[in-house]
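Novice: mmCIF, C-alpha atoms, file query.cif:
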data_run
#
loop_
_atom_site.label_atom_id
_atom_site.label_comp_id
_atom_site.auth_asym_id
_atom_site.auth_seq_id
_atom_site.Cartn_x
_atom_site.Cartn_y
_atom_site.Cartn_z
CA MET A 20 -34.43 5.04 -6.64
CA LEU A 21 -31.21 4.52 -4.63
CA GLU A 22 -30.20 7.27 -2.23
CA ILE A 23 -26.96 7.26 -0.25
CA ILE A 24 -27.35 9.92 2.41
CA ASP A 25 -24.39 11.37 4.32
CA VAL A 26 -22.78 7.95 4.73
CA SER A 27 -19.59 7.58 6.74
CA PHE A 28 -17.84 4.35 7.65
CA SER A 29 -14.64 3.36 9.44
CA TYR A 30 -12.85 0.12 10.17
CA GLY A 31 -11.55 0.85 13.66
CA LYS A 32 -9.70 4.16 13.45
CA SER A 33 -9.32 3.93 9.67
CA GLU A 34 -11.88 6.12 7.91
CA ILE A 35 -12.99 4.50 4.65
CA LEU A 36 -15.93 6.69 3.61
CA SER A 37 -16.82 10.18 4.78
CA GLY A 38 -19.98 12.15 4.05
CA ILE A 39 -21.01 10.28 0.91
CA ASN A 40 -24.12 11.72 -0.75
CA MET A 41 -25.34 10.44 -4.10
CA SER A 42 -28.39 9.00 -5.82
CA ILE A 43 -29.09 6.70 -8.74
CA SER A 44 -32.31 7.05 -10.71
CA ARG A 45 -34.21 4.33 -12.49
CA GLY A 46 -32.45 3.25 -15.68
CA GLU A 47 -29.10 4.84 -14.79
CA PHE A 48 -25.76 3.05 -15.14
CA VAL A 49 -23.15 4.41 -12.74
CA ALA A 50 -19.48 3.39 -12.85
CA VAL A 51 -17.37 3.73 -9.69
CA LEU A 52 -13.67 4.54 -10.10
CA GLY A 53 -10.86 4.98 -7.61
CA VAL A 54 -7.50 3.64 -6.50
CA ASN A 55 -7.20 0.49 -4.39
CA GLY A 56 -8.46 1.19 -0.88
CA ALA A 57 -10.58 4.18 -1.91
CA GLY A 58 -13.71 2.61 -0.39
CA LYS A 59 -15.38 1.33 -3.55
CA SER A 60 -16.15 -2.17 -2.24
CA THR A 61 -17.25 -0.79 1.11
CA LEU A 62 -19.67 1.54 -0.69
CA VAL A 63 -21.18 -1.42 -2.57
CA LYS A 64 -21.57 -3.39 0.66
CA ILE A 65 -23.29 -0.46 2.36
CA ALA A 66 -25.53 0.24 -0.65
CA SER A 67 -26.55 -3.43 -0.70
CA GLY A 68 -27.44 -3.46 3.00
CA TYR A 69 -24.69 -5.95 3.88
CA LEU A 70 -22.79 -3.37 5.93
CA LYS A 71 -24.30 -0.67 8.14
CA PRO A 72 -22.56 2.71 8.23
CA GLN A 73 -21.69 4.43 11.50
CA LYS A 74 -23.41 7.51 10.13
CA GLY A 75 -26.00 8.12 7.42
CA ASP A 76 -28.49 5.90 5.62
CA VAL A 77 -29.17 4.15 2.33
CA ARG A 78 -32.68 4.29 0.89
CA LEU A 79 -34.08 2.09 -1.82
CA GLY A 80 -37.53 2.97 -3.09
CA GLY A 81 -37.84 5.58 -0.33
CA LYS A 82 -37.20 3.10 2.50
CA SER A 83 -33.99 2.36 4.39
CA VAL A 84 -32.35 -0.82 3.14
CA PHE A 85 -31.78 -1.71 6.78
CA GLU A 86 -35.53 -1.81 7.42
CA TYR A 87 -36.26 -4.44 4.75
CA SER A 88 -36.35 -8.11 5.58
CA PRO A 89 -33.59 -10.06 3.77
CA LYS A 90 -36.21 -11.64 1.50
CA ASP A 91 -37.91 -8.37 0.58
CA LEU A 92 -34.57 -6.70 -0.06
CA SER A 93 -33.46 -9.55 -2.31
CA LEU A 94 -36.56 -8.97 -4.43
CA LEU A 95 -35.41 -5.41 -5.13
CA ARG A 96 -31.68 -5.67 -5.65
CA ALA A 97 -29.03 -8.16 -6.71
CA VAL A 98 -25.38 -8.04 -5.68
CA LEU A 99 -22.16 -9.34 -7.19
CA GLU A 100 -19.44 -9.09 -4.56
CA GLN A 101 -15.75 -8.79 -5.31
CA GLU A 102 -15.16 -12.34 -4.11
CA THR A 103 -17.65 -15.19 -3.86
CA ASN A 104 -16.62 -18.14 -1.71
CA MET A 105 -18.65 -21.28 -2.31
CA GLU A 106 -18.85 -23.55 0.72
CA PHE A 107 -19.66 -26.62 -1.39
CA ASP A 108 -19.54 -27.55 -5.04
CA SER A 109 -22.61 -27.49 -7.25
CA SER A 110 -23.44 -27.48 -10.93
CA VAL A 111 -23.33 -24.25 -12.89
CA LEU A 112 -27.12 -24.24 -13.24
CA GLU A 113 -27.63 -24.85 -9.52
CA THR A 114 -25.24 -22.01 -8.71
CA VAL A 115 -27.09 -19.57 -10.95
CA ALA A 116 -30.45 -20.73 -9.57
CA LEU A 117 -29.34 -19.56 -6.13
CA GLY A 118 -30.26 -16.11 -7.39
CA ARG A 119 -33.87 -17.28 -7.51
CA PHE A 120 -33.92 -18.49 -3.89
CA SER A 121 -36.21 -15.73 -2.62
CA MET A 122 -38.74 -16.40 -5.36
CA SER A 123 -38.62 -20.19 -5.48
CA GLY A 124 -37.21 -21.55 -2.23
CA PHE A 125 -34.23 -23.89 -1.92
CA TRP A 126 -32.05 -23.86 -5.08
CA GLY A 127 -34.76 -21.91 -6.91
CA MET A 128 -35.52 -24.97 -8.98
CA ASP A 129 -39.14 -24.46 -10.03
CA GLY A 130 -39.89 -24.41 -13.76
CA GLN A 131 -39.89 -20.64 -14.22
CA SER A 132 -36.72 -20.14 -12.21
CA LEU A 133 -34.91 -22.84 -14.16
CA LYS A 134 -35.95 -21.13 -17.40
CA ILE A 135 -34.74 -17.76 -16.12
CA SER A 136 -31.46 -19.25 -14.85
CA LYS A 137 -30.78 -20.83 -18.24
CA GLU A 138 -31.58 -17.52 -19.94
CA ALA A 139 -29.12 -15.74 -17.64
CA LEU A 140 -26.43 -18.27 -18.55
CA LYS A 141 -27.12 -17.65 -22.23
CA ILE A 142 -26.82 -13.90 -21.68
CA VAL A 143 -23.31 -14.30 -20.26
CA GLY A 144 -22.31 -16.76 -22.98
CA LEU A 145 -22.32 -19.95 -20.91
CA GLU A 146 -25.20 -21.81 -22.49
CA GLY A 147 -24.37 -25.52 -22.63
CA ALA A 148 -22.35 -25.36 -19.40
CA GLU A 149 -25.30 -26.04 -17.10
CA GLU A 150 -24.07 -29.45 -15.90
CA LYS A 151 -20.42 -28.51 -15.37
CA MET A 152 -19.30 -28.33 -11.76
CA TYR A 153 -18.63 -24.82 -10.55
CA MET A 154 -15.30 -25.60 -8.88
CA SER A 155 -13.90 -26.97 -12.14
CA LEU A 156 -14.27 -23.64 -13.93
CA SER A 157 -11.61 -21.03 -14.62
CA GLY A 158 -11.60 -17.77 -12.67
CA GLY A 159 -13.22 -15.90 -15.55
CA GLU A 160 -15.90 -18.53 -16.01
CA LYS A 161 -16.72 -18.45 -12.29
CA ARG A 162 -17.09 -14.68 -12.51
CA ARG A 163 -19.54 -15.02 -15.38
CA VAL A 164 -21.53 -17.66 -13.49
CA GLN A 165 -21.80 -15.33 -10.51
CA LEU A 166 -22.86 -12.50 -12.82
CA ALA A 167 -25.53 -14.81 -14.25
CA ARG A 168 -26.70 -15.54 -10.70
CA ALA A 169 -27.17 -11.82 -10.04
CA ILE A 170 -28.88 -11.32 -13.40
CA ALA A 171 -31.26 -14.22 -12.73
CA GLN A 172 -32.34 -12.50 -9.53
CA ILE A 173 -33.78 -9.49 -11.39
CA LEU A 174 -34.22 -10.72 -14.96
CA HIS A 175 -37.91 -11.67 -14.80
CA GLU A 176 -38.99 -8.12 -13.88
CA PRO A 177 -35.98 -5.78 -14.20
CA GLU A 178 -38.06 -2.59 -14.09
CA GLY A 179 -37.18 -0.71 -10.91
CA LYS A 180 -34.61 -3.28 -9.74
CA LEU A 181 -31.05 -2.47 -8.67
CA LEU A 182 -27.87 -4.29 -9.71
CA LEU A 183 -24.78 -3.69 -7.54
CA LEU A 184 -21.58 -5.09 -9.04
CA ASP A 185 -18.13 -5.04 -7.45
CA GLU A 186 -15.53 -5.52 -10.19
CA PRO A 187 -17.76 -7.53 -12.54
CA THR A 188 -15.00 -7.63 -15.18
CA ALA A 189 -12.33 -9.09 -12.85
CA ASN A 190 -10.56 -12.09 -14.44
CA LEU A 191 -12.28 -11.47 -17.77
CA ASP A 192 -10.59 -11.03 -21.12
CA PRO A 193 -11.28 -7.79 -23.06
CA ALA A 194 -14.10 -9.28 -25.14
CA ARG A 195 -15.90 -10.68 -22.06
CA SER A 196 -15.36 -7.38 -20.23
CA LEU A 197 -17.12 -5.54 -23.03
CA GLN A 198 -19.87 -8.14 -23.03
CA THR A 199 -20.41 -7.73 -19.30
CA MET A 200 -20.72 -3.95 -19.50
CA SER A 201 -23.03 -4.26 -22.50
CA ILE A 202 -25.27 -6.61 -20.50
CA CYS A 203 -25.49 -4.06 -17.69
CA SER A 204 -26.30 -1.30 -20.16
CA LYS A 205 -29.10 -3.36 -21.71
CA LEU A 206 -30.61 -4.15 -18.29
CA CYS A 207 -30.65 -0.41 -17.55
CA LYS A 208 -32.49 0.20 -20.81
CA MET A 209 -35.04 -2.35 -19.55
CA GLY A 210 -35.65 -0.20 -16.48
CA ALA A 211 -33.11 -1.56 -14.00
CA SER A 212 -30.40 0.58 -12.41
CA CYS A 213 -26.77 -0.43 -12.03
CA MET A 214 -23.77 0.64 -9.99
CA ALA A 215 -20.56 -1.12 -11.01
CA VAL A 216 -17.05 -0.82 -9.61
CA VAL A 217 -14.57 -0.96 -12.48
CA HIS A 218 -10.86 -0.33 -12.90
CA SER A 219 -11.04 0.51 -16.60
CA VAL A 220 -11.63 4.16 -17.44
CA ASN A 221 -12.31 3.05 -21.00
CA LEU A 222 -15.19 0.80 -19.93
CA ALA A 223 -16.72 3.58 -17.87
CA LEU A 224 -16.45 5.95 -20.81
CA ALA A 225 -18.00 3.46 -23.20
CA TYR A 226 -20.97 2.31 -21.14
CA ALA A 227 -21.75 4.31 -18.01
CA GLY A 228 -24.05 7.31 -18.18
CA LYS A 229 -22.67 8.61 -14.89
CA THR A 230 -19.38 8.10 -13.09
CA LEU A 231 -18.47 8.36 -9.42
CA MET A 232 -14.85 8.99 -8.48
CA LEU A 233 -13.81 8.21 -4.89
CA LYS A 234 -10.64 9.68 -3.43
CA ASP A 235 -9.38 10.05 0.14
CA SER A 236 -12.61 8.53 1.53
CA LYS A 237 -14.77 11.20 -0.14
CA ILE A 238 -16.53 11.81 -3.43
CA PHE A 239 -13.96 13.43 -5.70
CA LYS A 240 -16.32 13.81 -8.68
CA PHE A 241 -19.82 12.58 -9.52
CA GLY A 242 -21.92 13.35 -12.56
CA ASP A 243 -22.32 12.67 -16.25
CA THR A 244 -19.46 10.47 -17.43
CA ALA A 245 -18.43 12.85 -20.21
CA ASP A 246 -18.04 15.64 -17.65
CA VAL A 247 -16.35 13.55 -14.95
CA ILE A 248 -13.82 11.56 -17.00
CA THR A 249 -11.48 14.29 -18.14
CA SER A 250 -7.73 14.28 -18.49
CA GLU A 251 -7.37 16.47 -15.40
CA ASN A 252 -9.72 14.42 -13.21
CA VAL A 253 -8.22 11.05 -14.17
CA SER A 254 -4.71 12.40 -13.63
CA GLN A 255 -5.61 13.61 -10.14
CA LEU A 256 -7.52 10.45 -9.25
CA TYR A 257 -4.78 7.97 -10.17
CA GLY A 258 -1.60 10.03 -9.97
CA LEU A 259 -1.06 9.74 -13.72
CA ASP A 260 -0.49 12.18 -16.52
CA CYS A 261 -3.44 11.23 -18.70
CA GLN A 262 -4.79 12.42 -22.01
CA ILE A 263 -8.30 11.59 -23.20
CA LEU A 264 -8.26 10.72 -26.89
CA GLY A 265 -11.05 9.89 -29.30
CA ASP A 266 -13.99 11.30 -31.21
CA SER A 267 -17.76 11.31 -30.92
CA ALA A 268 -17.96 7.69 -32.07
CA LYS A 269 -15.34 6.20 -29.78
CA THR A 270 -13.49 7.65 -26.81
CA VAL A 271 -10.52 6.10 -25.09
CA ALA A 272 -8.28 7.12 -22.23
CA LEU A 273 -4.52 6.97 -22.67
CA SER A 274 -2.15 7.09 -19.69
CA LEU A 275 1.09 8.78 -20.66
CA HIS A 276 3.39 9.14 -17.63
CA GLN A 277 3.20 7.90 -14.08
CA LYS A 278 3.73 10.50 -11.40
CA ALA A 279 4.83 9.86 -7.86
CA LEU A 280 1.83 8.31 -6.14
CA SER A 281 0.62 10.26 -3.14
CA HIS A 282 -2.20 7.86 -2.14
#
Write the structure described by the file as structure tokens, please.

Specialist:
Amino acid sequence: MLEIIDVSFSYGKSEILSGINMSISRGEFVAVLGVNGAGKSTLVKIASGYLKPQKGDVRLGGKSVFEYSPKDLSLLRAVLEQETNMEFDSSVLETVALGRFSMSGFWGMDGQSLKISKEALKIVGLEGAEEKMYMSLSGGEKRRVQLARAIAQILHEPEGKLLLLDEPTANLDPARSLQTMSICSKLCKMGASCMAVVHSVNLALAYAGKTLMLKDSKIFKFGDTADVITSENVSQLYGLDCQILGDSAKTVALSLHQKALSH
């Protein structure tokens, strides 16, 4: 479904990504882990078509994302960026309805899009907040509104759609973080695919079928989460002595001692 082919990217002389090759199949949930500056956000921007690599290509449905028109691309994938800057204030419902713009025109305010936008708000636990003004919300509430916007973009027909999320659990309390990852998992079971940047190894273990580890601008590990998230790999990725604890029902990662960081 999504293919990232030999992608390399630099900001000036600073190499951020080098020779990245990976693919995500329909229905897969991939977590992306790595230290700050590892290139996780840049990878999301390139995968979404927002940023063009100096080398390589990104294909969605067999076609380069850079060959789609903005409208056609928006019908296939939804993106939650690390930061969303609103130029003007709007109601919560209007903000979420922006995700329906390609299907419904300005504000996405036709009957079906309003219904879908309200459903997306309910999914993230913000039903009843439709008329609140976006700028009045807390950081965590704003994050959930933006997640609802991305969900609304693909919710009507999630089969074969792609959800790209850069730190979707930022500013969220533990319960809302779990809720967010559960939402992504359910959308994948409905036929969507998801790639989410997270900083919690525990969340990746609990919800992602596959995990990508980025280190030193390259793929350090990529594969089934149970094979990738090991004590040795996590220790090397973060510069921590780490022990993976748990059983078949529930697995958690426990950091024991911090080593001298070499990143």

Novice: With only C-alpha atoms as the basis for distance, which of A:Glu146, A:Asp91, A:Glu186, A:Asp76 is at the shortest distance from Phe120 in chain A?

Specialist: A:Asp91

Novice: Hey, what's within 8 Å of range 243-246 of chain A if we count only C-alpha atoms and toss same-chain stuff fewer than 2 positions away? As a compact mmCIF listing (two decimals) with C-alpha atoms, in the coordinates of the input, please?

Specialist:
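As written to disk, selection-v8.txt reads:
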# COMPACT_ATOMS: atom_id res chain seq x y z
CA ALA A 223 -16.72 3.58 -17.87
CA LEU A 224 -16.45 5.95 -20.81
CA ALA A 227 -21.75 4.31 -18.01
CA GLY A 228 -24.05 7.31 -18.18
CA LYS A 229 -22.67 8.61 -14.89
CA THR A 230 -19.38 8.10 -13.09
CA PHE A 241 -19.82 12.58 -9.52
CA ILE A 248 -13.82 11.56 -17.00
CA THR A 249 -11.48 14.29 -18.14

Novice: With distances taken over all atoms listed in the file, which residue among A:Gly210, A:Gly159, A:Pro177, A:Gly46 lies nearest Asp192 in chain A?

Specialist: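 With all atoms listed in the file as the atom set, the closest residue is A:Gly159.
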
Novice: Hey, what comes out of the PyMOL selection byres ((chain A and resi 190) around 8) on this file? Could you write it as a ChimeraX atom specification?

Specialist: /A:158-159,162,188-189,191-192

Novice: What does the structure give for the distance between CA of Gly81 in chain A and CA of Phe239 in chain A, in Å to one decimal?

Specialist: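 About the pair CA of Gly81 in chain A and CA of Phe239 in chain A: they are 25.7 Å apart.
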
Novice: Which residue gives the smallest distance to Arg163 in chain A among A:Ala116, A:Leu94, A:Val111, A:Leu183, with all atoms listed in the file counted?

Specialist: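 Using all atoms listed in the file, the shortest distance to Arg163 in chain A belongs to A:Val111.
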
Novice: Can you list what the PyMOL selection byres ((chain A and resi 128-137) around 10) grabs from this structure, as a VMD selection string?

Specialist: chain A and resid 111 to 120 122 to 127 138 to 142 145 to 149 167 to 175

Novice: Would you compute the distance between CA of Phe107 in chain A and CA of Ser157 in chain A? Give it in Å to one decimal.

Specialist: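 Answer for the CA of Phe107 in chain A to CA of Ser157 in chain A separation: 16.5 Å.
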
Novice: Using only C-alpha atoms, which of the listed residues (A:Gly31, A:Gly56, A:Arg45, A:Ala215) sits closest to Glu100 in chain A?

Specialist: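 Closest to Glu100 in chain A, using only C-alpha atoms: A:Ala215.
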
Novice: Which residues match the PyMOL selection byres ((chain A and resi 64-69) around 10) in the file above, as a PyMOL selection string?

Specialist: chain A and resi 21-23+26-28+58-63+70-72+76-79+83-87+89+92-93+96-101+181-185+214
